[in-house]
Amino acid sequence: MIIETHHLSKNYGPVVAVRDLCLRVPPGKISAFLGPNGHGKSTTIKMLLGMARPTGGGGQVLGFDIADPRASLEIRRRTAFISEDKHLYGYMTVRQVIAFTRALFPNWQDDRESELLDAFDLPQNRKVKHLSKGMRTKLALILALARGAELLILDEPSEGLDPVVAESMLQSVVRAAADGASVFFSSHQLSEAERIADHVFILKRGHIVVEGPLDELRGRYRRINAVFVGHPPLDDLPVRSLAKVQTEGHVLSVLTKDNSEAVATQFRGLGAVSVEVCPVNLRELFLETVQDGAT
């Protein structure tokens with residue numbers, strides 16, 4: 001695994017930010033790390049990069065122990081990180097920041113730098129502090145993608161970007177993965193994750209509630225809408241086999257995992273006059289698993 005954690009936890013006093021987190025992130029893939037605000041995504045990334053110490057458990061990135069300070073340096077040398085804030089040297093020009101960063105990385109790809117500069121159309125003589133948020137994101141992407149890193153870790157990379165810049169960012173991430181980099185990114189933009197992710201992790205209150213290859217998850221989960229003449233027979237439902245149950249009048253709506261046909265057959269046996277089995281997209285799966293009341 002390119003990233004692996006074992007019961008990783010982080011507390012800030014009485015507040016539990018990450019709880020018993022077990023991640024297995026496959027190499028050579030684009031992995032989306034999804035979850036509501038305040039549920040531990042950024043804290044997890046900080047621990048992976050040695051920016052925060054775990055309270056319990058441990059993990060490895062690129063085979064290096066995240067709790068070992070020397071190993072943490074090697075992780076950061078081989079990993080490109082773009083934070084939500086995209087901190088850069090504001091007093092430097094775009095050209096100066098690129099030249100400064102280029103000198104630090106022997107695997108810097110000059111052709112990739114030129115290609116990205118042309119694609120992003122950045123004003124190279126403008127100081128970073130005078131760039132828009134979208135331009136700072138483009139610059140951060142150049143610094144990350146041109147260094148030839150084995151792993152890209154992106155924390156809300158498209159936050160606050162207009163659709164044109166966000167599209168450029170997504171295309172750049174996909175290109176990096178096609179060139180052999182592994183990508184691990186957190187995002188609130190579920191449509192973006194559904195477009196580019198190979199693998200998905202959904203976080204709720206600091207631990208993983210759903211994970212797997214995106215195509216596999218789409219195949220495993222189904223929504224079943226059943227209509228009954230009277231009130232739905234909730235007492236007779238196979239509760240253990242259902243991921244989420246909702247009722248509205250005579251309609252029973254459930255989220256199932258792996259057993260949709262069996263559940264649909266059971267509903268017909270309970271007197272349902274109509275049973276509809278529907279595919280579930282990533283947005284629906286996310287909302288059903290992170291909302292209060294979901295497990």
# chains A, B, ... in the order shown; residues from 1 in each chain; ligands from 1
>>> residues_around(residues="region 90-106 of chain A", least_positions_apart="2", cutoff="8 Å", atoms="only C-alpha atoms", output="list of chain:residue names")
A:Leu88, A:Trp108, A:Leu122, A:Pro123, A:Gln124, A:Asn125, A:Arg126, A:Lys127, A:Val128, A:Lys129, A:His130, A:Leu139, A:Leu143, A:Arg147
>>> residues_around(residues="Leu234 (chain A)", least_positions_apart="6", cutoff="10 Å", atoms="only C-alpha atoms", output="PDB file with N, CA and C atoms, in the first residue's frame")
ATOM      1  N   VAL A 245     -32.644   2.856   6.457  1.00  0.00           N
ATOM      2  CA  VAL A 245     -34.079   2.668   6.284  1.00  0.00           C
ATOM      3  C   VAL A 245     -34.779   4.002   6.490  1.00  0.00           C
ATOM      4  N   GLN A 246     -35.669   4.371   5.561  1.00  0.00           N
ATOM      5  CA  GLN A 246     -36.465   5.581   5.678  1.00  0.00           C
ATOM      6  C   GLN A 246     -37.901   5.279   5.251  1.00  0.00           C
ATOM      7  N   THR A 247     -38.860   5.958   5.875  1.00  0.00           N
ATOM      8  CA  THR A 247     -40.256   5.794   5.477  1.00  0.00           C
ATOM      9  C   THR A 247     -40.893   7.156   5.263  1.00  0.00           C
ATOM     10  N   LEU A 252     -41.548   2.875   1.579  1.00  0.00           N
ATOM     11  CA  LEU A 252     -40.370   2.469   2.343  1.00  0.00           C
ATOM     12  C   LEU A 252     -39.152   2.555   1.420  1.00  0.00           C
TER      13      LEU A 252
END
>>> closest_residue(among="A:Glu276, A:Tyr89, A:Arg19, A:Gly40", to="His6 (chain A)", atoms="only C-alpha atoms")
A:Arg19
>>> residues_around(residues="region 1-5 of chain A", least_positions_apart="5", cutoff="10 Å", atoms="only C-alpha atoms", output="list of chain:residue names")
A:Asp20, A:Leu21, A:Cys22, A:Leu23, A:Arg24, A:Val25, A:Pro26, A:Pro27, A:Gly28, A:Lys29, A:Thr44, A:Leu48, A:Gly57, A:Gly58, A:Gly59, A:Gln60, A:Val61, A:Leu62, A:Gly63, A:Phe64, A:Asp65, A:Ile66, A:Glu150, A:Leu151, A:Ser182, A:Val183, A:Phe184
>>> atom_distance(atom1="CA of Met135 (chain A)", atom2="CA of Phe120 (chain A)")
8.2 Å
>>> atom_distance(atom1="CA of Ile142 (chain A)", atom2="CA of Pro163 (chain A)")
18.5 Å
>>> select_by_dssp(residues="region 168-256 of chain A", states="strand (DSSP E)", output="PyMOL selection string")
chain A and resi 182-186+199-204+207-213+221-227+242-248+251-256
>>> residues_around(residues="Met169 (chain A)", least_positions_apart="6", cutoff="12 Å", atoms="only C-alpha atoms", output="list in words")
Ile82, Leu116, Ala119, Phe120, Gly134, Met135, Arg136, Thr137, Lys138, Leu139, Ala140, Leu141, Ile142, Ala144, Leu145, Leu154, Glu156, Pro157, Ser158, Glu159, Leu161, Asp162, Pro163, Arg175, Ala176, Glu192 and Ile196 of chain A
>>> write_last_selection(atoms="N, CA and C atoms", output="PDB file, in the first residue's frame")
ATOM      1  N   ILE A  82      -0.402  19.663  -1.383  1.00  0.00           N
ATOM      2  CA  ILE A  82      -1.080  20.941  -1.599  1.00  0.00           C
ATOM      3  C   ILE A  82      -2.140  21.072  -0.521  1.00  0.00           C
ATOM      4  N   LEU A 116       2.875  23.217 -18.012  1.00  0.00           N
ATOM      5  CA  LEU A 116       1.890  23.729 -17.057  1.00  0.00           C
ATOM      6  C   LEU A 116       1.834  25.253 -17.072  1.00  0.00           C
ATOM      7  N   ALA A 119      -0.228  26.115 -20.006  1.00  0.00           N
ATOM      8  CA  ALA A 119      -1.642  25.758 -19.827  1.00  0.00           C
ATOM      9  C   ALA A 119      -2.344  26.691 -18.846  1.00  0.00           C
ATOM     10  N   PHE A 120      -1.626  27.085 -17.781  1.00  0.00           N
ATOM     11  CA  PHE A 120      -2.246  27.882 -16.726  1.00  0.00           C
ATOM     12  C   PHE A 120      -2.159  29.379 -16.970  1.00  0.00           C
ATOM     13  N   GLY A 134      -7.372  31.367  -7.356  1.00  0.00           N
ATOM     14  CA  GLY A 134      -7.229  30.423  -8.454  1.00  0.00           C
ATOM     15  C   GLY A 134      -5.814  30.379  -9.006  1.00  0.00           C
ATOM     16  N   MET A 135      -5.179  31.531  -9.124  1.00  0.00           N
ATOM     17  CA  MET A 135      -3.800  31.579  -9.609  1.00  0.00           C
ATOM     18  C   MET A 135      -2.843  30.924  -8.613  1.00  0.00           C
ATOM     19  N   ARG A 136      -3.083  31.113  -7.317  1.00  0.00           N
ATOM     20  CA  ARG A 136      -2.230  30.464  -6.309  1.00  0.00           C
ATOM     21  C   ARG A 136      -2.371  28.945  -6.395  1.00  0.00           C
ATOM     22  N   THR A 137      -3.580  28.491  -6.671  1.00  0.00           N
ATOM     23  CA  THR A 137      -3.780  27.050  -6.832  1.00  0.00           C
ATOM     24  C   THR A 137      -3.010  26.538  -8.042  1.00  0.00           C
ATOM     25  N   LYS A 138      -3.061  27.274  -9.132  1.00  0.00           N
ATOM     26  CA  LYS A 138      -2.313  26.873 -10.326  1.00  0.00           C
ATOM     27  C   LYS A 138      -0.817  26.811 -10.032  1.00  0.00           C
ATOM     28  N   LEU A 139      -0.306  27.810  -9.309  1.00  0.00           N
ATOM     29  CA  LEU A 139       1.115  27.819  -8.969  1.00  0.00           C
ATOM     30  C   LEU A 139       1.455  26.640  -8.070  1.00  0.00           C
ATOM     31  N   ALA A 140       0.613  26.361  -7.075  1.00  0.00           N
ATOM     32  CA  ALA A 140       0.855  25.220  -6.193  1.00  0.00           C
ATOM     33  C   ALA A 140       0.860  23.910  -6.974  1.00  0.00           C
ATOM     34  N   LEU A 141      -0.004  23.804  -7.969  1.00  0.00           N
ATOM     35  CA  LEU A 141      -0.025  22.604  -8.800  1.00  0.00           C
ATOM     36  C   LEU A 141       1.257  22.458  -9.609  1.00  0.00           C
ATOM     37  N   ILE A 142       1.752  23.550 -10.156  1.00  0.00           N
ATOM     38  CA  ILE A 142       3.017  23.490 -10.899  1.00  0.00           C
ATOM     39  C   ILE A 142       4.136  22.999  -9.988  1.00  0.00           C
ATOM     40  N   ALA A 144       3.921  21.225  -7.352  1.00  0.00           N
ATOM     41  CA  ALA A 144       3.721  19.833  -6.958  1.00  0.00           C
ATOM     42  C   ALA A 144       3.943  18.862  -8.109  1.00  0.00           C
ATOM     43  N   LEU A 145       3.422  19.196  -9.277  1.00  0.00           N
ATOM     44  CA  LEU A 145       3.422  18.246 -10.383  1.00  0.00           C
ATOM     45  C   LEU A 145       4.753  18.191 -11.125  1.00  0.00           C
ATOM     46  N   LEU A 154      -3.448  15.941  -1.644  1.00  0.00           N
ATOM     47  CA  LEU A 154      -4.130  17.207  -1.901  1.00  0.00           C
ATOM     48  C   LEU A 154      -5.277  17.367  -0.902  1.00  0.00           C
ATOM     49  N   GLU A 156      -8.398  19.457  -0.129  1.00  0.00           N
ATOM     50  CA  GLU A 156      -9.378  20.386  -0.707  1.00  0.00           C
ATOM     51  C   GLU A 156      -8.749  21.238  -1.816  1.00  0.00           C
ATOM     52  N   PRO A 157      -8.195  20.623  -2.846  1.00  0.00           N
ATOM     53  CA  PRO A 157      -7.459  21.390  -3.857  1.00  0.00           C
ATOM     54  C   PRO A 157      -8.316  22.359  -4.657  1.00  0.00           C
ATOM     55  N   SER A 158      -9.627  22.080  -4.799  1.00  0.00           N
ATOM     56  CA  SER A 158     -10.459  22.949  -5.631  1.00  0.00           C
ATOM     57  C   SER A 158     -11.291  23.928  -4.819  1.00  0.00           C
ATOM     58  N   GLU A 159     -11.028  24.019  -3.505  1.00  0.00           N
ATOM     59  CA  GLU A 159     -11.809  24.905  -2.645  1.00  0.00           C
ATOM     60  C   GLU A 159     -11.734  26.350  -3.136  1.00  0.00           C
ATOM     61  N   LEU A 161     -12.386  27.614  -6.057  1.00  0.00           N
ATOM     62  CA  LEU A 161     -11.979  27.841  -7.444  1.00  0.00           C
ATOM     63  C   LEU A 161     -13.189  27.958  -8.358  1.00  0.00           C
ATOM     64  N   ASP A 162     -13.049  28.765  -9.405  1.00  0.00           N
ATOM     65  CA  ASP A 162     -14.127  28.824 -10.384  1.00  0.00           C
ATOM     66  C   ASP A 162     -14.072  27.559 -11.252  1.00  0.00           C
ATOM     67  N   PRO A 163     -15.146  27.246 -11.975  1.00  0.00           N
ATOM     68  CA  PRO A 163     -15.210  25.985 -12.726  1.00  0.00           C
ATOM     69  C   PRO A 163     -14.076  25.789 -13.732  1.00  0.00           C
ATOM     70  N   ARG A 175      -3.631  13.596 -15.252  1.00  0.00           N
ATOM     71  CA  ARG A 175      -2.385  13.437 -16.024  1.00  0.00           C
ATOM     72  C   ARG A 175      -1.264  12.927 -15.122  1.00  0.00           C
ATOM     73  N   ALA A 176      -1.165  13.456 -13.910  1.00  0.00           N
ATOM     74  CA  ALA A 176      -0.122  13.004 -12.985  1.00  0.00           C
ATOM     75  C   ALA A 176      -0.287  11.521 -12.669  1.00  0.00           C
ATOM     76  N   GLU A 192     -16.616  15.926  -8.451  1.00  0.00           N
ATOM     77  CA  GLU A 192     -15.223  15.804  -8.893  1.00  0.00           C
ATOM     78  C   GLU A 192     -14.657  14.443  -8.509  1.00  0.00           C
ATOM     79  N   ILE A 196     -13.073  11.420 -11.161  1.00  0.00           N
ATOM     80  CA  ILE A 196     -11.672  11.048 -11.329  1.00  0.00           C
ATOM     81  C   ILE A 196     -11.184   9.954 -10.390  1.00  0.00           C
TER      82      ILE A 196
END
>>> residues_around(residues="Thr55 (chain A)", least_positions_apart="6", cutoff="10 Å", atoms="only C-alpha atoms", output="list in words")
Leu8, Ser9, Lys10, Asn11, Tyr12, Val16, Val18, Arg19 and Met47 of chain A
>>> write_last_selection(atoms="C-alpha atoms", output="PDB file, in the first residue's frame")
ATOM      1  CA  LEU A   8      -4.531   5.639  13.987  1.00  0.00           C
ATOM      2  CA  SER A   9      -6.005   8.110  16.491  1.00  0.00           C
ATOM      3  CA  LYS A  10      -5.625  11.770  17.352  1.00  0.00           C
ATOM      4  CA  ASN A  11      -7.131  13.592  20.329  1.00  0.00           C
ATOM      5  CA  TYR A  12      -7.004  17.287  21.087  1.00  0.00           C
ATOM      6  CA  VAL A  16     -11.430  13.022  19.337  1.00  0.00           C
ATOM      7  CA  VAL A  18      -9.428  10.748  14.403  1.00  0.00           C
ATOM      8  CA  ARG A  19     -10.542   7.456  15.900  1.00  0.00           C
ATOM      9  CA  MET A  47      -0.334  12.931  10.732  1.00  0.00           C
TER      10      MET A  47
END
>>> closest_residue(among="A:Ala17, A:Ala272, A:Ala166, A:Val254", to="Gly38 (chain A)", atoms="only C-alpha atoms")
A:Ala17
>>> residues_around(residues="Ser274 (chain A)", least_positions_apart="6", cutoff="9 Å", atoms="only C-alpha atoms", output="count of residues only")
5
>>> select_by_dssp(residues="region 150-247 of chain A", states="helix (DSSP H, G or I)", output="PDB file with N, CA and C atoms, in the first residue's frame")
ATOM      1  N   PRO A 163     -15.146  27.246 -11.975  1.00  0.00           N
ATOM      2  CA  PRO A 163     -15.210  25.985 -12.726  1.00  0.00           C
ATOM      3  C   PRO A 163     -14.076  25.789 -13.732  1.00  0.00           C
ATOM      4  N   VAL A 164     -13.611  26.870 -14.349  1.00  0.00           N
ATOM      5  CA  VAL A 164     -12.542  26.735 -15.353  1.00  0.00           C
ATOM      6  C   VAL A 164     -11.244  26.301 -14.696  1.00  0.00           C
ATOM      7  N   VAL A 165     -10.881  26.956 -13.586  1.00  0.00           N
ATOM      8  CA  VAL A 165      -9.645  26.601 -12.884  1.00  0.00           C
ATOM      9  C   VAL A 165      -9.772  25.207 -12.273  1.00  0.00           C
ATOM     10  N   ALA A 166     -10.950  24.893 -11.723  1.00  0.00           N
ATOM     11  CA  ALA A 166     -11.155  23.571 -11.135  1.00  0.00           C
ATOM     12  C   ALA A 166     -10.991  22.472 -12.187  1.00  0.00           C
ATOM     13  N   GLU A 167     -11.472  22.721 -13.392  1.00  0.00           N
ATOM     14  CA  GLU A 167     -11.327  21.742 -14.465  1.00  0.00           C
ATOM     15  C   GLU A 167      -9.858  21.551 -14.840  1.00  0.00           C
ATOM     16  N   SER A 168      -9.100  22.647 -14.894  1.00  0.00           N
ATOM     17  CA  SER A 168      -7.664  22.539 -15.169  1.00  0.00           C
ATOM     18  C   SER A 168      -6.964  21.723 -14.092  1.00  0.00           C
ATOM     19  N   MET A 169      -7.360  21.947 -12.840  1.00  0.00           N
ATOM     20  CA  MET A 169      -6.777  21.204 -11.731  1.00  0.00           C
ATOM     21  C   MET A 169      -7.057  19.709 -11.868  1.00  0.00           C
ATOM     22  N   LEU A 170      -8.312  19.364 -12.181  1.00  0.00           N
ATOM     23  CA  LEU A 170      -8.670  17.952 -12.310  1.00  0.00           C
ATOM     24  C   LEU A 170      -7.895  17.283 -13.446  1.00  0.00           C
ATOM     25  N   GLN A 171      -7.787  17.963 -14.570  1.00  0.00           N
ATOM     26  CA  GLN A 171      -7.056  17.394 -15.700  1.00  0.00           C
ATOM     27  C   GLN A 171      -5.586  17.173 -15.349  1.00  0.00           C
ATOM     28  N   SER A 172      -5.016  18.102 -14.572  1.00  0.00           N
ATOM     29  CA  SER A 172      -3.616  17.972 -14.167  1.00  0.00           C
ATOM     30  C   SER A 172      -3.426  16.788 -13.225  1.00  0.00           C
ATOM     31  N   VAL A 173      -4.374  16.581 -12.327  1.00  0.00           N
ATOM     32  CA  VAL A 173      -4.292  15.452 -11.397  1.00  0.00           C
ATOM     33  C   VAL A 173      -4.398  14.126 -12.149  1.00  0.00           C
ATOM     34  N   VAL A 174      -5.335  14.053 -13.092  1.00  0.00           N
ATOM     35  CA  VAL A 174      -5.481  12.828 -13.880  1.00  0.00           C
ATOM     36  C   VAL A 174      -4.220  12.559 -14.691  1.00  0.00           C
ATOM     37  N   ARG A 175      -3.631  13.596 -15.252  1.00  0.00           N
ATOM     38  CA  ARG A 175      -2.385  13.437 -16.024  1.00  0.00           C
ATOM     39  C   ARG A 175      -1.264  12.927 -15.122  1.00  0.00           C
ATOM     40  N   ALA A 176      -1.165  13.456 -13.910  1.00  0.00           N
ATOM     41  CA  ALA A 176      -0.122  13.004 -12.985  1.00  0.00           C
ATOM     42  C   ALA A 176      -0.287  11.521 -12.669  1.00  0.00           C
ATOM     43  N   ALA A 177      -1.532  11.084 -12.469  1.00  0.00           N
ATOM     44  CA  ALA A 177      -1.776   9.669 -12.196  1.00  0.00           C
ATOM     45  C   ALA A 177      -1.423   8.817 -13.410  1.00  0.00           C
ATOM     46  N   ALA A 178      -1.749   9.316 -14.608  1.00  0.00           N
ATOM     47  CA  ALA A 178      -1.420   8.579 -15.831  1.00  0.00           C
ATOM     48  C   ALA A 178       0.089   8.455 -16.004  1.00  0.00           C
ATOM     49  N   LEU A 190     -18.173  16.236  -4.429  1.00  0.00           N
ATOM     50  CA  LEU A 190     -18.415  14.825  -4.708  1.00  0.00           C
ATOM     51  C   LEU A 190     -18.463  14.542  -6.211  1.00  0.00           C
ATOM     52  N   SER A 191     -18.931  15.507  -6.988  1.00  0.00           N
ATOM     53  CA  SER A 191     -18.973  15.299  -8.440  1.00  0.00           C
ATOM     54  C   SER A 191     -17.560  15.164  -9.002  1.00  0.00           C
ATOM     55  N   GLU A 192     -16.616  15.926  -8.451  1.00  0.00           N
ATOM     56  CA  GLU A 192     -15.223  15.804  -8.893  1.00  0.00           C
ATOM     57  C   GLU A 192     -14.657  14.443  -8.509  1.00  0.00           C
ATOM     58  N   ALA A 193     -14.929  14.023  -7.281  1.00  0.00           N
ATOM     59  CA  ALA A 193     -14.437  12.725  -6.840  1.00  0.00           C
ATOM     60  C   ALA A 193     -15.013  11.609  -7.711  1.00  0.00           C
ATOM     61  N   GLU A 194     -16.286  11.716  -8.035  1.00  0.00           N
ATOM     62  CA  GLU A 194     -16.906  10.668  -8.851  1.00  0.00           C
ATOM     63  C   GLU A 194     -16.312  10.640 -10.259  1.00  0.00           C
ATOM     64  N   ARG A 195     -15.871  11.772 -10.749  1.00  0.00           N
ATOM     65  CA  ARG A 195     -15.291  11.836 -12.093  1.00  0.00           C
ATOM     66  C   ARG A 195     -13.918  11.198 -12.173  1.00  0.00           C
ATOM     67  N   ILE A 196     -13.073  11.420 -11.161  1.00  0.00           N
ATOM     68  CA  ILE A 196     -11.672  11.048 -11.329  1.00  0.00           C
ATOM     69  C   ILE A 196     -11.184   9.954 -10.390  1.00  0.00           C
ATOM     70  N   LEU A 214     -14.311   2.574  -6.540  1.00  0.00           N
ATOM     71  CA  LEU A 214     -15.565   3.270  -6.803  1.00  0.00           C
ATOM     72  C   LEU A 214     -16.508   2.426  -7.655  1.00  0.00           C
ATOM     73  N   ASP A 215     -15.997   1.775  -8.674  1.00  0.00           N
ATOM     74  CA  ASP A 215     -16.861   0.945  -9.517  1.00  0.00           C
ATOM     75  C   ASP A 215     -17.476  -0.196  -8.711  1.00  0.00           C
ATOM     76  N   GLU A 216     -16.707  -0.751  -7.791  1.00  0.00           N
ATOM     77  CA  GLU A 216     -17.211  -1.842  -6.954  1.00  0.00           C
ATOM     78  C   GLU A 216     -18.315  -1.338  -6.018  1.00  0.00           C
ATOM     79  N   LEU A 217     -18.109  -0.139  -5.440  1.00  0.00           N
ATOM     80  CA  LEU A 217     -19.125   0.421  -4.551  1.00  0.00           C
ATOM     81  C   LEU A 217     -20.423   0.688  -5.302  1.00  0.00           C
ATOM     82  N   ARG A 218     -20.298   1.201  -6.514  1.00  0.00           N
ATOM     83  CA  ARG A 218     -21.502   1.438  -7.320  1.00  0.00           C
ATOM     84  C   ARG A 218     -22.268   0.139  -7.567  1.00  0.00           C
ATOM     85  N   GLY A 219     -21.527  -0.955  -7.713  1.00  0.00           N
ATOM     86  CA  GLY A 219     -22.171  -2.245  -7.960  1.00  0.00           C
ATOM     87  C   GLY A 219     -22.755  -2.876  -6.708  1.00  0.00           C
ATOM     88  N   ARG A 220     -22.201  -2.559  -5.542  1.00  0.00           N
ATOM     89  CA  ARG A 220     -22.631  -3.230  -4.307  1.00  0.00           C
ATOM     90  C   ARG A 220     -23.846  -2.572  -3.661  1.00  0.00           C
ATOM     91  N   LEU A 234     -42.384  -2.281   9.376  1.00  0.00           N
ATOM     92  CA  LEU A 234     -41.020  -2.074   9.856  1.00  0.00           C
ATOM     93  C   LEU A 234     -40.561  -3.182  10.791  1.00  0.00           C
ATOM     94  N   ASP A 235     -41.476  -3.749  11.576  1.00  0.00           N
ATOM     95  CA  ASP A 235     -41.087  -4.784  12.538  1.00  0.00           C
ATOM     96  C   ASP A 235     -40.641  -6.067  11.862  1.00  0.00           C
ATOM     97  N   ASP A 236     -41.027  -6.251  10.606  1.00  0.00           N
ATOM     98  CA  ASP A 236     -40.690  -7.494   9.904  1.00  0.00           C
ATOM     99  C   ASP A 236     -39.509  -7.349   8.951  1.00  0.00           C
ATOM    100  N   VAL A 239     -33.512  -6.044   9.255  1.00  0.00           N
ATOM    101  CA  VAL A 239     -32.762  -4.830   9.581  1.00  0.00           C
ATOM    102  C   VAL A 239     -31.259  -5.028   9.426  1.00  0.00           C
ATOM    103  N   ARG A 240     -30.765  -6.190   9.794  1.00  0.00           N
ATOM    104  CA  ARG A 240     -29.319  -6.400   9.760  1.00  0.00           C
ATOM    105  C   ARG A 240     -28.742  -6.341   8.348  1.00  0.00           C
ATOM    106  N   SER A 241     -29.577  -6.571   7.360  1.00  0.00           N
ATOM    107  CA  SER A 241     -29.072  -6.575   5.982  1.00  0.00           C
ATOM    108  C   SER A 241     -29.271  -5.235   5.283  1.00  0.00           C
TER     109      SER A 241
END
>>> residues_around(residues="Phe33 (chain A)", least_positions_apart="4", cutoff="9 Å", atoms="only C-alpha atoms", output="list of chain:residue names")
A:Lys41, A:Phe184, A:Phe185, A:Ser186, A:Ser187, A:Ala193, A:His199, A:Val200, A:Phe201, A:Ile202, A:Leu203
>>> write_last_selection(atoms="N, CA and C atoms", output="compact mmCIF listing (two decimals), in the first residue's frame")
# COMPACT_ATOMS: atom_id res chain seq x y z
N LYS A 41 -10.40 14.69 8.31
CA LYS A 41 -9.64 14.53 7.07
C LYS A 41 -8.30 15.27 7.14
N PHE A 184 -3.79 11.00 -3.46
CA PHE A 184 -4.69 10.87 -2.31
C PHE A 184 -5.22 12.26 -2.02
N PHE A 185 -6.53 12.47 -2.23
CA PHE A 185 -7.04 13.83 -2.08
C PHE A 185 -8.34 13.86 -1.29
N SER A 186 -8.46 14.89 -0.45
CA SER A 186 -9.71 15.13 0.26
C SER A 186 -10.49 16.19 -0.50
N SER A 187 -11.82 16.09 -0.44
CA SER A 187 -12.64 17.04 -1.18
C SER A 187 -14.07 17.01 -0.67
N ALA A 193 -14.93 14.02 -7.28
CA ALA A 193 -14.44 12.72 -6.84
C ALA A 193 -15.01 11.61 -7.71
N HIS A 199 -10.61 4.95 -6.23
CA HIS A 199 -10.87 4.34 -4.93
C HIS A 199 -11.44 5.43 -4.02
N VAL A 200 -12.33 5.04 -3.11
CA VAL A 200 -13.02 6.01 -2.25
C VAL A 200 -12.96 5.57 -0.80
N PHE A 201 -12.69 6.53 0.08
CA PHE A 201 -12.79 6.34 1.53
C PHE A 201 -13.76 7.40 2.05
N ILE A 202 -14.77 6.98 2.80
CA ILE A 202 -15.71 7.92 3.41
C ILE A 202 -15.52 7.89 4.92
N LEU A 203 -15.24 9.07 5.46
CA LEU A 203 -14.91 9.23 6.87
C LEU A 203 -16.09 9.82 7.61
>>> atom_distance(atom1="CA of Ala181 (chain A)", atom2="CA of Lys133 (chain A)")
25.1 Å
